[in-house]
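Visitor: Please find protein-v5.pdb (PDB, C-alpha atoms) on the next line:
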ATOM      1  CA  MET A 205      -1.994  17.439  24.802
ATOM      2  CA  ILE A 206       1.037  16.473  22.737
ATOM      3  CA  ASP A 207       3.973  14.979  24.652
ATOM      4  CA  PHE A 208       6.876  16.606  22.760
ATOM      5  CA  SER A 209       9.561  14.643  24.637
ATOM      6  CA  LEU A 210       7.909  11.414  23.490
ATOM      7  CA  TRP A 211       7.753  12.614  19.898
ATOM      8  CA  LEU A 212      11.519  13.210  19.958
ATOM      9  CA  LEU A 213      11.828   9.431  20.331
ATOM     10  CA  ILE A 214       9.072   8.612  17.852
ATOM     11  CA  ILE A 215      10.182  10.886  14.992
ATOM     12  CA  PRO A 216      13.451   8.983  14.201
ATOM     13  CA  ILE A 217      11.461   5.724  14.122
ATOM     14  CA  LEU A 218       8.926   7.215  11.716
ATOM     15  CA  LEU A 219      11.664   8.642   9.472
ATOM     16  CA  LEU A 220      13.427   5.262   9.312
ATOM     17  CA  VAL A 221      10.176   3.491   8.485
ATOM     18  CA  GLY A 222       9.469   6.119   5.844
ATOM     19  CA  ALA A 223      12.887   5.631   4.246
ATOM     20  CA  ILE A 224      12.342   1.858   3.993
ATOM     21  CA  ALA A 225       8.773   2.251   2.760
ATOM     22  CA  GLY A 226       9.752   4.879   0.178
ATOM     23  CA  THR A 227      12.534   2.726  -1.251
ATOM     24  CA  LEU A 228      10.169  -0.248  -1.500
ATOM     25  CA  ALA A 229       7.558   1.971  -3.149
ATOM     26  CA  GLY A 230       9.951   2.945  -5.913
ATOM     27  CA  LEU A 231      11.419  -0.532  -6.292
ATOM     28  CA  LEU A 232       8.193  -2.534  -6.350
ATOM     29  CA  GLY A 233       5.414  -0.055  -7.126
ATOM     30  CA  VAL A 234       3.836  -0.576  -3.705
ATOM     31  CA  GLY A 235       2.706   2.189  -1.389
ATOM     32  CA  GLY A 236       4.835   1.107   1.550
ATOM     33  CA  GLY A 237       1.838   0.487   3.785
ATOM     34  CA  ILE A 238       2.843  -3.124   4.301
ATOM     35  CA  VAL A 239       5.761  -1.723   6.339
ATOM     36  CA  ILE A 240       4.118   1.377   7.793
ATOM     37  CA  VAL A 241       0.913  -0.195   9.149
ATOM     38  CA  PRO A 242       2.609  -2.823  11.381
ATOM     39  CA  VAL A 243       5.050  -0.258  12.807
ATOM     40  CA  LEU A 244       2.338   2.285  13.595
ATOM     41  CA  TYR A 245       0.265  -0.439  15.226
ATOM     42  CA  TRP A 246       3.304  -1.602  17.218
ATOM     43  CA  LEU A 247       3.850   1.967  18.458
ATOM     44  CA  THR A 248       0.301   1.965  19.830
ATOM     45  CA  GLU A 249       0.825  -1.418  21.524
ATOM     46  CA  THR A 250       3.983  -0.171  23.265
ATOM     47  CA  GLY A 251       2.204   2.970  24.409
ATOM     48  CA  LEU A 252       4.573   5.299  22.569
ATOM     49  CA  LEU A 253       1.582   6.475  20.572
ATOM     50  CA  GLN A 254      -1.335   6.755  22.955
ATOM     51  CA  VAL A 255      -4.152   5.480  20.788
ATOM     52  CA  ASP A 256      -6.998   3.427  22.208
ATOM     53  CA  GLN A 257      -6.574  -0.196  21.066
ATOM     54  CA  SER A 258     -10.171  -0.291  19.828
ATOM     55  CA  VAL A 259      -9.241   2.160  17.065
ATOM     56  CA  ALA A 260      -5.488   1.449  16.779
ATOM     57  CA  ILE A 261      -5.629  -0.574  13.560
ATOM     58  CA  HIS A 262      -7.877   2.005  11.908
ATOM     59  CA  PHE A 263      -5.480   4.785  12.919
ATOM     60  CA  ALA A 264      -2.535   2.809  11.504
ATOM     61  CA  VAL A 265      -4.252   2.000   8.209
ATOM     62  CA  ALA A 266      -5.627   5.511   7.686
ATOM     63  CA  THR A 267      -2.341   7.243   8.515
ATOM     64  CA  SER A 268      -0.490   4.850   6.222
ATOM     65  CA  LEU A 269      -2.860   5.645   3.362
ATOM     66  CA  ALA A 270      -2.216   9.361   3.845
ATOM     67  CA  THR A 271       1.534   8.811   3.390
ATOM     68  CA  ILE A 272       0.926   6.932   0.140
ATOM     69  CA  ILE A 273      -0.213  10.142  -1.592
ATOM     70  CA  PRO A 274       3.187  11.919  -1.600
ATOM     71  CA  THR A 275       4.992   8.579  -1.928
ATOM     72  CA  SER A 276       3.082   7.694  -5.090
ATOM     73  CA  ILE A 277       3.672  11.143  -6.583
ATOM     74  CA  SER A 278       7.421  10.852  -6.035
ATOM     75  CA  SER A 279       7.618   7.237  -7.233
ATOM     76  CA  ALA A 280       5.414   7.804 -10.290
ATOM     77  CA  ARG A 281       7.442  10.837 -11.370
ATOM     78  CA  ALA A 282      10.639   8.800 -11.261
ATOM     79  CA  HIS A 283       9.075   5.842 -13.112
ATOM     80  CA  HIS A 284       7.623   8.192 -15.748
ATOM     81  CA  LYS A 285      11.115   9.519 -16.482
ATOM     82  CA  LYS A 286      12.153   5.911 -17.128
ATOM     83  CA  GLY A 287       9.194   5.400 -19.487
ATOM     84  CA  SER A 288       7.729   2.571 -17.407
ATOM     85  CA  ILE A 289       4.188   3.879 -16.802
ATOM     86  CA  ASP A 290       1.451   2.608 -19.135
ATOM     87  CA  LEU A 291      -1.025   5.492 -19.176
ATOM     88  CA  GLU A 292      -3.561   3.535 -21.220
ATOM     89  CA  MET A 293      -3.709   0.832 -18.545
ATOM     90  CA  PHE A 294      -3.842   3.477 -15.820
ATOM     91  CA  HIS A 295      -6.814   5.256 -17.436
ATOM     92  CA  ALA A 296      -8.597   1.920 -17.948
ATOM     93  CA  TRP A 297      -8.363   0.750 -14.330
ATOM     94  CA  ALA A 298      -8.089   3.968 -12.307
ATOM     95  CA  PRO A 299     -11.822   4.931 -12.160
ATOM     96  CA  TRP A 300     -12.771   1.505 -10.817
ATOM     97  CA  MET A 301      -9.940   1.593  -8.286
ATOM     98  CA  VAL A 302     -11.118   5.008  -7.076
ATOM     99  CA  PHE A 303     -14.635   3.680  -6.548
ATOM    100  CA  GLY A 304     -13.348   0.564  -4.785
ATOM    101  CA  ALA A 305     -10.956   2.525  -2.564
ATOM    102  CA  LEU A 306     -13.628   4.998  -1.469
ATOM    103  CA  LEU A 307     -15.938   2.117  -0.603
ATOM    104  CA  GLY A 308     -13.113   0.306   1.205
ATOM    105  CA  GLY A 309     -12.261   3.370   3.291
ATOM    106  CA  LEU A 310     -15.878   3.763   4.364
ATOM    107  CA  LEU A 311     -16.372   0.070   5.157
ATOM    108  CA  ALA A 312     -13.002  -0.648   6.773
ATOM    109  CA  ALA A 313     -14.248  -0.205  10.332
ATOM    110  CA  LYS A 314     -16.901  -2.879   9.747
ATOM    111  CA  PHE A 315     -14.421  -5.660   8.893
ATOM    112  CA  ASP A 316     -12.382  -7.663  11.362
ATOM    113  CA  ALA A 317      -8.660  -6.958  10.879
ATOM    114  CA  SER A 318      -7.699 -10.622  11.358
ATOM    115  CA  LEU A 319     -10.041 -11.691   8.549
ATOM    116  CA  LEU A 320      -8.456  -9.191   6.157
ATOM    117  CA  SER A 321      -4.967 -10.299   7.205
ATOM    118  CA  GLY A 322      -5.813 -13.957   6.656
ATOM    119  CA  VAL A 323      -7.277 -13.386   3.195
ATOM    120  CA  PHE A 324      -4.280 -11.269   2.188
ATOM    121  CA  GLY A 325      -1.834 -13.881   3.495
ATOM    122  CA  VAL A 326      -3.417 -16.736   1.555
ATOM    123  CA  ILE A 327      -3.537 -14.708  -1.668
ATOM    124  CA  ALA A 328       0.075 -13.582  -1.189
ATOM    125  CA  VAL A 329       1.417 -17.132  -0.749
ATOM    126  CA  ILE A 330      -0.404 -18.345  -3.889
ATOM    127  CA  VAL A 331       0.907 -15.419  -5.936
ATOM    128  CA  VAL A 332       4.484 -15.897  -4.666
ATOM    129  CA  ILE A 333       4.494 -19.554  -5.694
ATOM    130  CA  ASN A 334       3.531 -18.491  -9.202
ATOM    131  CA  MET A 335       6.006 -15.590  -9.391
ATOM    132  CA  VAL A 336       9.037 -17.712  -8.455
ATOM    133  CA  ASN A 337       8.082 -20.363 -11.020
ATOM    134  CA  PRO A 338      10.572 -20.228 -13.953
ATOM    135  CA  LYS A 339       7.556 -20.472 -16.260
ATOM    136  CA  PRO A 340       4.847 -18.599 -14.348
ATOM    137  CA  PHE A 341       1.202 -19.334 -15.056
ATOM    138  CA  THR A 342      -0.755 -16.607 -16.867
ATOM    139  CA  LEU A 343      -4.506 -16.147 -17.140
ATOM    140  CA  ALA A 344      -4.534 -14.244 -20.426
ATOM    141  CA  LYS A 345      -2.243 -12.938 -23.141
ATOM    142  CA  ALA A 346      -3.231  -9.349 -22.261
ATOM    143  CA  PRO A 347      -5.416  -7.525 -19.716
ATOM    144  CA  PRO A 348      -9.108  -7.740 -20.734
ATOM    145  CA  LYS A 349     -10.621  -4.587 -22.218
ATOM    146  CA  SER A 350     -14.327  -4.998 -21.426
ATOM    147  CA  ILE A 351     -15.875  -2.616 -18.899
ATOM    148  CA  MET A 352     -17.179  -5.513 -16.810
ATOM    149  CA  ALA A 353     -13.740  -7.141 -16.591
ATOM    150  CA  LYS A 354     -12.095  -3.846 -15.611
ATOM    151  CA  ALA A 355     -14.659  -3.338 -12.846
ATOM    152  CA  ILE A 356     -14.332  -6.900 -11.531
ATOM    153  CA  ILE A 357     -10.516  -6.725 -11.422
ATOM    154  CA  ALA A 358      -9.728  -3.115 -10.509
ATOM    155  CA  GLY A 359     -12.609  -2.409  -8.103
ATOM    156  CA  PRO A 360     -11.668  -5.091  -5.554
ATOM    157  CA  ILE A 361      -7.982  -4.112  -5.803
ATOM    158  CA  GLY A 362      -8.940  -0.584  -4.731
ATOM    159  CA  ALA A 363     -11.311  -1.712  -1.971
ATOM    160  CA  PHE A 364      -9.011  -4.309  -0.433
ATOM    161  CA  SER A 365      -5.952  -2.056  -0.652
ATOM    162  CA  ALA A 366      -7.774   0.797   1.080
ATOM    163  CA  MET A 367      -9.016  -1.492   3.863
ATOM    164  CA  MET A 368      -5.480  -2.799   4.426
ATOM    165  CA  GLY A 369      -3.784   0.610   4.161
ATOM    166  CA  ILE A 370      -1.546  -0.537   1.309
ATOM    167  CA  GLY A 371      -0.841   0.868  -2.153
ATOM    168  CA  GLY A 372      -2.345  -0.786  -5.180
ATOM    169  CA  GLY A 373       0.950  -2.294  -6.282
ATOM    170  CA  THR A 374       0.874  -5.092  -3.728
ATOM    171  CA  LEU A 375      -2.104  -6.566  -5.571
ATOM    172  CA  SER A 376      -2.016  -4.947  -9.018
ATOM    173  CA  VAL A 377       1.580  -5.946  -9.898
ATOM    174  CA  PRO A 378       1.029  -9.715  -9.470
ATOM    175  CA  ILE A 379      -2.391  -9.486 -11.139
ATOM    176  CA  LEU A 380      -0.953  -7.595 -14.114
ATOM    177  CA  THR A 381       1.835 -10.161 -14.464
ATOM    178  CA  LEU A 382      -0.820 -12.897 -14.428
ATOM    179  CA  LEU A 383      -2.298 -11.042 -17.395
ATOM    180  CA  SER A 384       1.081 -11.169 -19.242
ATOM    181  CA  PHE A 385       1.917  -7.517 -18.538
ATOM    182  CA  PRO A 386       5.702  -6.759 -18.517
ATOM    183  CA  VAL A 387       6.871  -6.578 -14.915
ATOM    184  CA  HIS A 388       8.731  -3.252 -15.186
ATOM    185  CA  ARG A 389       5.669  -1.585 -16.687
ATOM    186  CA  ALA A 390       3.471  -3.267 -14.081
ATOM    187  CA  VAL A 391       5.599  -1.822 -11.274
ATOM    188  CA  GLY A 392       5.736   1.626 -12.873
ATOM    189  CA  THR A 393       1.997   1.772 -13.546
ATOM    190  CA  ALA A 394       1.245   0.455 -10.055
ATOM    191  CA  SER A 395       3.128   3.385  -8.547
ATOM    192  CA  LEU A 396       0.487   5.661 -10.061
ATOM    193  CA  PHE A 397      -2.354   3.348  -9.011
ATOM    194  CA  GLY A 398      -1.287   4.025  -5.424
ATOM    195  CA  LEU A 399      -2.447   7.617  -5.790
ATOM    196  CA  THR A 400      -5.888   6.647  -7.073
ATOM    197  CA  ILE A 401      -6.343   4.319  -4.099
ATOM    198  CA  ALA A 402      -4.904   6.575  -1.413
ATOM    199  CA  VAL A 403      -6.885   9.756  -2.127
ATOM    200  CA  PRO A 404     -10.425   8.272  -1.926
ATOM    201  CA  GLY A 405      -9.331   5.918   0.859
ATOM    202  CA  VAL A 406      -8.083   8.868   2.916
ATOM    203  CA  LEU A 407     -11.344  10.733   2.335
ATOM    204  CA  GLY A 408     -13.271   7.692   3.509
ATOM    205  CA  PHE A 409     -11.201   7.316   6.699
ATOM    206  CA  ALA A 410     -11.335  11.046   7.390
ATOM    207  CA  PHE A 411     -15.134  10.978   7.175
ATOM    208  CA  ALA A 412     -15.616   7.663   9.018
ATOM    209  CA  GLY A 413     -13.339   8.761  11.890
ATOM    210  CA  GLN A 414     -15.249  11.895  12.854
ATOM    211  CA  ASN A 415     -16.156  12.193  16.555
ATOM    212  CA  ILE A 416     -14.241   9.016  17.459
ATOM    213  CA  ASN A 417     -12.647   8.903  20.913
ATOM    214  CA  GLY A 418      -9.186   7.536  21.699
ATOM    215  CA  LEU A 419      -7.258   9.079  18.792
ATOM    216  CA  LEU A 420      -4.170  11.311  18.905
ATOM    217  CA  PRO A 421      -4.300  15.125  18.887
ATOM    218  CA  ILE A 422      -4.143  16.868  15.492
ATOM    219  CA  SER A 423      -5.969  14.088  13.687
ATOM    220  CA  LEU A 424      -8.277  14.293  10.691
ATOM    221  CA  GLY A 425     -10.694  11.475  11.331
ATOM    222  CA  TYR A 426      -8.554   8.384  11.863
ATOM    223  CA  ILE A 427      -5.511  10.058  10.240
ATOM    224  CA  ASN A 428      -2.846  11.518  12.523
ATOM    225  CA  LEU A 429      -1.340  14.418  10.612
ATOM    226  CA  PRO A 430       2.045  14.767  12.439
ATOM    227  CA  ALA A 431       2.810  11.057  11.973
ATOM    228  CA  ALA A 432       1.719  11.117   8.328
ATOM    229  CA  VAL A 433       3.820  14.192   7.502
ATOM    230  CA  THR A 434       6.923  12.812   9.253
ATOM    231  CA  ILE A 435       6.784   9.504   7.400
ATOM    232  CA  SER A 436       5.989  11.220   4.095
ATOM    233  CA  ILE A 437       9.109  13.377   4.212
ATOM    234  CA  ALA A 438      11.264  10.247   4.142
ATOM    235  CA  THR A 439       9.156   8.296   1.622
ATOM    236  CA  PHE A 440       9.097  11.195  -0.827
ATOM    237  CA  PHE A 441      12.871  11.503  -1.005
ATOM    238  CA  CYS A 442      13.632   7.765  -0.924
ATOM    239  CA  ALA A 443      11.157   6.569  -3.577
ATOM    240  CA  PRO A 444      13.376   7.667  -6.529
ATOM    241  CA  LEU A 445      16.199   5.554  -5.079
ATOM    242  CA  GLY A 446      13.967   2.492  -5.283
ATOM    243  CA  VAL A 447      13.118   3.332  -8.901
ATOM    244  CA  LYS A 448      16.824   3.432  -9.806
ATOM    245  CA  ILE A 449      17.336   0.009  -8.232
ATOM    246  CA  ALA A 450      14.309  -1.429 -10.062
ATOM    247  CA  HIS A 451      15.610  -0.396 -13.456
ATOM    248  CA  ARG A 452      18.999  -1.959 -12.776
ATOM    249  CA  LEU A 453      17.324  -5.352 -12.336
ATOM    250  CA  ASN A 454      16.248  -7.528 -15.253
ATOM    251  CA  ALA A 455      12.668  -8.809 -15.416
ATOM    252  CA  SER A 456      13.360 -12.076 -13.557
ATOM    253  CA  GLY A 457      15.317 -10.228 -10.869
ATOM    254  CA  LEU A 458      12.492  -7.762 -10.335
ATOM    255  CA  ARG A 459       9.939 -10.586 -10.190
ATOM    256  CA  LEU A 460      12.059 -12.346  -7.575
ATOM    257  CA  ALA A 461      12.424  -9.149  -5.522
ATOM    258  CA  PHE A 462       8.661  -8.661  -5.572
ATOM    259  CA  ALA A 463       8.053 -12.319  -4.695
ATOM    260  CA  VAL A 464      10.364 -12.083  -1.652
ATOM    261  CA  PHE A 465       8.635  -8.914  -0.478
ATOM    262  CA  LEU A 466       5.169 -10.379  -0.969
ATOM    263  CA  GLY A 467       6.144 -13.685   0.631
ATOM    264  CA  ILE A 468       7.426 -12.024   3.806
ATOM    265  CA  SER A 469       4.303  -9.868   3.938
ATOM    266  CA  GLY A 470       1.987 -12.833   3.420
ATOM    267  CA  ILE A 471       3.653 -15.002   6.071
ATOM    268  CA  LYS A 472       3.515 -12.125   8.526
ATOM    269  CA  MET A 473      -0.175 -11.606   7.876
ATOM    270  CA  LEU A 474      -0.920 -15.329   8.275
ATOM    271  CA  SER A 475       1.032 -15.481  11.550
ATOM    272  CA  GLU A 476      -0.968 -12.542  12.907
ATOM    273  CA  THR A 477      -4.199 -14.281  11.944
ATOM    274  CA  PHE A 478      -3.582 -17.839  13.113
ATOM    275  CA  LEU A 479      -0.866 -17.661  15.813
TER     276      LEU A 479
END
Represent the structure of the file as structure tokens.

Guide:
Amino acid sequence: MIDFSLWLLIIPILLLVGAIAGTLAGLLGVGGGIVIVPVLYWLTETGLLQVDQSVAIHFAVATSLATIIPTSISSARAHHKKGSIDLEMFHAWAPWMVFGALLGGLLAAKFDASLLSGVFGVIAVIVVINMVNPKPFTLAKAPPKSIMAKAIIAGPIGAFSAMMGIGGGTLSVPILTLLSFPVHRAVGTASLFGLTIAVPGVLGFAFAGQNINGLLPISLGYINLPAAVTISIATFFCAPLGVKIAHRLNASGLRLAFAVFLGISGIKMLSETFL
């Protein structure tokens, strides 16, 4: 049964988290999962959301991915109006991200959460060091165009993002900047990548979570629908605000904003892994 009195306390928390995540999604091209996943997991630890701890992280990741679908639609629409989405790059990487995300959603339950957090944290710290460098290191003058290179780069972005419950921007923006891609176009294009990662990832979690005990009522696999809808309402309306802020920043300012976000996320992940 659903405890409606408890949800009256939970709903404002979810709306606030959604507002923050939506603004970040528009500003940085991320899905907002880096904010949503820890809060959902915290709500299970406090007992406000009565999810068995053996499946709590999978519930948090899956529900976060579900919110990324409307968030990405809202963010991408706003970025498209600003002319900051590179459709050629999107079409080149999207199929491989879809494949990677579907695989990541299906395999997520088989990986230890602390291992994923540790890997993400190390990668994040390395990327941040490069992004705050006045003359950042680049790997190429442009993203490679070969099919093999696209698969090697975009596939793992989709898989890892789906397993972590985050949008593709958290990884694709720094990778695109390493490939000399303009940061505003990287952020705008990444907002659309979030959709290609979220949809197959959600399908994977919905399928993998069938007949699992310890989840909340009104769930589709690991995804709790009331929580996902509540968060999505706020993310959808706040994402365009983040887009407006992004386009008021110059390239170095936007790089710095992304570096701060990624640095905080990476340190948090490392602390959860090693402390």

Visitor: Mind giving me the straight-line distance from atom CA of Ala266 of chain A to atom CA of Leu375 of chain A in Å, one decimal?

Guide: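 Separation between atom CA of Ala266 of chain A and atom CA of Leu375 of chain A: 18.3 Å.
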
Visitor: Find the residues around Ala390 of chain A up to 12 Å (only C-alpha atoms counted), leave out those fewer than 3 positions away in its own chain, and share them as a PDB file with C-alpha atoms, in the frame of the given file.

Guide:
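Heads up, here's the output in part-v2.pdb:
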ATOM      1  CA  LEU A 231      11.419  -0.532  -6.292  1.00  0.00           C
ATOM      2  CA  LEU A 232       8.193  -2.534  -6.350  1.00  0.00           C
ATOM      3  CA  GLY A 233       5.414  -0.055  -7.126  1.00  0.00           C
ATOM      4  CA  VAL A 234       3.836  -0.576  -3.705  1.00  0.00           C
ATOM      5  CA  ALA A 280       5.414   7.804 -10.290  1.00  0.00           C
ATOM      6  CA  HIS A 283       9.075   5.842 -13.112  1.00  0.00           C
ATOM      7  CA  GLY A 287       9.194   5.400 -19.487  1.00  0.00           C
ATOM      8  CA  SER A 288       7.729   2.571 -17.407  1.00  0.00           C
ATOM      9  CA  ILE A 289       4.188   3.879 -16.802  1.00  0.00           C
ATOM     10  CA  ASP A 290       1.451   2.608 -19.135  1.00  0.00           C
ATOM     11  CA  LEU A 291      -1.025   5.492 -19.176  1.00  0.00           C
ATOM     12  CA  MET A 293      -3.709   0.832 -18.545  1.00  0.00           C
ATOM     13  CA  PHE A 294      -3.842   3.477 -15.820  1.00  0.00           C
ATOM     14  CA  PRO A 347      -5.416  -7.525 -19.716  1.00  0.00           C
ATOM     15  CA  GLY A 372      -2.345  -0.786  -5.180  1.00  0.00           C
ATOM     16  CA  GLY A 373       0.950  -2.294  -6.282  1.00  0.00           C
ATOM     17  CA  THR A 374       0.874  -5.092  -3.728  1.00  0.00           C
ATOM     18  CA  LEU A 375      -2.104  -6.566  -5.571  1.00  0.00           C
ATOM     19  CA  SER A 376      -2.016  -4.947  -9.018  1.00  0.00           C
ATOM     20  CA  VAL A 377       1.580  -5.946  -9.898  1.00  0.00           C
ATOM     21  CA  PRO A 378       1.029  -9.715  -9.470  1.00  0.00           C
ATOM     22  CA  ILE A 379      -2.391  -9.486 -11.139  1.00  0.00           C
ATOM     23  CA  LEU A 380      -0.953  -7.595 -14.114  1.00  0.00           C
ATOM     24  CA  THR A 381       1.835 -10.161 -14.464  1.00  0.00           C
ATOM     25  CA  LEU A 382      -0.820 -12.897 -14.428  1.00  0.00           C
ATOM     26  CA  LEU A 383      -2.298 -11.042 -17.395  1.00  0.00           C
ATOM     27  CA  SER A 384       1.081 -11.169 -19.242  1.00  0.00           C
ATOM     28  CA  PHE A 385       1.917  -7.517 -18.538  1.00  0.00           C
ATOM     29  CA  PRO A 386       5.702  -6.759 -18.517  1.00  0.00           C
ATOM     30  CA  VAL A 387       6.871  -6.578 -14.915  1.00  0.00           C
ATOM     31  CA  THR A 393       1.997   1.772 -13.546  1.00  0.00           C
ATOM     32  CA  ALA A 394       1.245   0.455 -10.055  1.00  0.00           C
ATOM     33  CA  SER A 395       3.128   3.385  -8.547  1.00  0.00           C
ATOM     34  CA  LEU A 396       0.487   5.661 -10.061  1.00  0.00           C
ATOM     35  CA  PHE A 397      -2.354   3.348  -9.011  1.00  0.00           C
ATOM     36  CA  ALA A 450      14.309  -1.429 -10.062  1.00  0.00           C
ATOM     37  CA  ALA A 455      12.668  -8.809 -15.416  1.00  0.00           C
ATOM     38  CA  LEU A 458      12.492  -7.762 -10.335  1.00  0.00           C
ATOM     39  CA  ARG A 459       9.939 -10.586 -10.190  1.00  0.00           C
ATOM     40  CA  PHE A 462       8.661  -8.661  -5.572  1.00  0.00           C
TER      41      PHE A 462
END

Visitor: Starting from the PyMOL selection byres ((chain A and resi 434) around 10), expand the selection into actual residues of this file and give them as a ChimeraX atom specification.

Guide: /A:214-222,271,429-433,435-439

Visitor: Write out as a list in words the residues lying within 10 Å of segment 419-421 of chain A, counting only C-alpha atoms and excluding same-chain residues fewer than 5 positions away.

Guide: Met205, Ile206, Leu253, Gln254, Val255, Asp256, Gln257, Ser258, Val259, Ala260, His262, Phe263, Gly413, Tyr426, Ile427, Asn428, Leu429, Pro430 and Ala431 of chain A

Visitor: Could you check how far atom CA of Gly322 of chain A sits from atom CA of Leu474 of chain A, in Å to one decimal?

Guide: 5.3 Å

Visitor: Find, counting only C-alpha atoms, the residue in A:Val403, A:Ile471, A:Val447, A:Leu460 that gets nearest to Asn334 of chain A.

Guide: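 Using only C-alpha atoms, the shortest distance to Asn334 of chain A belongs to A:Leu460.
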
Visitor: Can you give me, as a CSV table (one decimal) with C-alpha atoms, in the frame of the given file, the residues this file yields under the PyMOL selection byres ((chain A and resi 402) around 12)?

Guide:
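Saved the output as result.csv:
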chain,number,residue,atom,x,y,z
A,234,VAL,CA,3.8,-0.6,-3.7
A,235,GLY,CA,2.7,2.2,-1.4
A,236,GLY,CA,4.8,1.1,1.6
A,237,GLY,CA,1.8,0.5,3.8
A,265,VAL,CA,-4.3,2.0,8.2
A,266,ALA,CA,-5.6,5.5,7.7
A,267,THR,CA,-2.3,7.2,8.5
A,268,SER,CA,-0.5,4.8,6.2
A,269,LEU,CA,-2.9,5.6,3.4
A,270,ALA,CA,-2.2,9.4,3.8
A,271,THR,CA,1.5,8.8,3.4
A,272,ILE,CA,0.9,6.9,0.1
A,273,ILE,CA,-0.2,10.1,-1.6
A,274,PRO,CA,3.2,11.9,-1.6
A,275,THR,CA,5.0,8.6,-1.9
A,276,SER,CA,3.1,7.7,-5.1
A,277,ILE,CA,3.7,11.1,-6.6
A,298,ALA,CA,-8.1,4.0,-12.3
A,301,MET,CA,-9.9,1.6,-8.3
A,302,VAL,CA,-11.1,5.0,-7.1
A,303,PHE,CA,-14.6,3.7,-6.5
A,304,GLY,CA,-13.3,0.6,-4.8
A,305,ALA,CA,-11.0,2.5,-2.6
A,306,LEU,CA,-13.6,5.0,-1.5
A,307,LEU,CA,-15.9,2.1,-0.6
A,308,GLY,CA,-13.1,0.3,1.2
A,309,GLY,CA,-12.3,3.4,3.3
A,361,ILE,CA,-8.0,-4.1,-5.8
A,362,GLY,CA,-8.9,-0.6,-4.7
A,363,ALA,CA,-11.3,-1.7,-2.0
A,364,PHE,CA,-9.0,-4.3,-0.4
A,365,SER,CA,-6.0,-2.1,-0.7
A,366,ALA,CA,-7.8,0.8,1.1
A,367,MET,CA,-9.0,-1.5,3.9
A,368,MET,CA,-5.5,-2.8,4.4
A,369,GLY,CA,-3.8,0.6,4.2
A,370,ILE,CA,-1.5,-0.5,1.3
A,371,GLY,CA,-0.8,0.9,-2.2
A,372,GLY,CA,-2.3,-0.8,-5.2
A,373,GLY,CA,1.0,-2.3,-6.3
A,395,SER,CA,3.1,3.4,-8.5
A,396,LEU,CA,0.5,5.7,-10.1
A,397,PHE,CA,-2.4,3.3,-9.0
A,398,GLY,CA,-1.3,4.0,-5.4
A,399,LEU,CA,-2.4,7.6,-5.8
A,400,THR,CA,-5.9,6.6,-7.1
A,401,ILE,CA,-6.3,4.3,-4.1
A,403,VAL,CA,-6.9,9.8,-2.1
A,404,PRO,CA,-10.4,8.3,-1.9
A,405,GLY,CA,-9.3,5.9,0.9
A,406,VAL,CA,-8.1,8.9,2.9
A,407,LEU,CA,-11.3,10.7,2.3
A,408,GLY,CA,-13.3,7.7,3.5
A,409,PHE,CA,-11.2,7.3,6.7
A,410,ALA,CA,-11.3,11.0,7.4

Visitor: Check which residues satisfy the PyMOL selection byres ((chain A and resi 352-355) around 9) in the file shown, then give them as JSON, numbers by chain.

Guide: {"A": [296, 297, 299, 300, 301, 347, 348, 349, 350, 351, 356, 357, 358, 359, 360]}

Visitor: Writing N, CA and C atoms and nothing else, produce segment 467-477 of chain A as a short mmCIF file (atom, residue, chain, number, x, y, z; two decimals), in the first residue's frame.

Guide:
data_model
loop_
_atom_site.label_atom_id
_atom_site.label_comp_id
_atom_site.auth_asym_id
_atom_site.auth_seq_id
_atom_site.Cartn_x
_atom_site.Cartn_y
_atom_site.Cartn_z
N GLY A 467 33.75 18.18 -10.85
CA GLY A 467 34.66 17.98 -9.72
C GLY A 467 33.93 17.59 -8.45
N ILE A 468 32.84 18.29 -8.15
CA ILE A 468 32.04 17.96 -6.96
C ILE A 468 31.49 16.54 -7.08
N SER A 469 31.00 16.20 -8.28
CA SER A 469 30.45 14.87 -8.50
C SER A 469 31.52 13.80 -8.32
N GLY A 470 32.70 14.05 -8.89
CA GLY A 470 33.78 13.06 -8.82
C GLY A 470 34.27 12.85 -7.40
N ILE A 471 34.44 13.94 -6.64
CA ILE A 471 34.89 13.81 -5.25
C ILE A 471 33.86 13.05 -4.42
N LYS A 472 32.58 13.34 -4.68
CA LYS A 472 31.53 12.64 -3.95
C LYS A 472 31.56 11.14 -4.24
N MET A 473 31.73 10.80 -5.51
CA MET A 473 31.79 9.40 -5.88
C MET A 473 32.98 8.70 -5.25
N LEU A 474 34.15 9.37 -5.24
CA LEU A 474 35.35 8.78 -4.64
C LEU A 474 35.18 8.59 -3.14
N SER A 475 34.53 9.56 -2.49
CA SER A 475 34.33 9.45 -1.03
C SER A 475 33.40 8.27 -0.71
N GLU A 476 32.40 8.05 -1.55
CA GLU A 476 31.49 6.93 -1.34
C GLU A 476 32.19 5.59 -1.55
N THR A 477 33.20 5.59 -2.40
CA THR A 477 33.91 4.35 -2.72
C THR A 477 34.96 4.01 -1.68
#
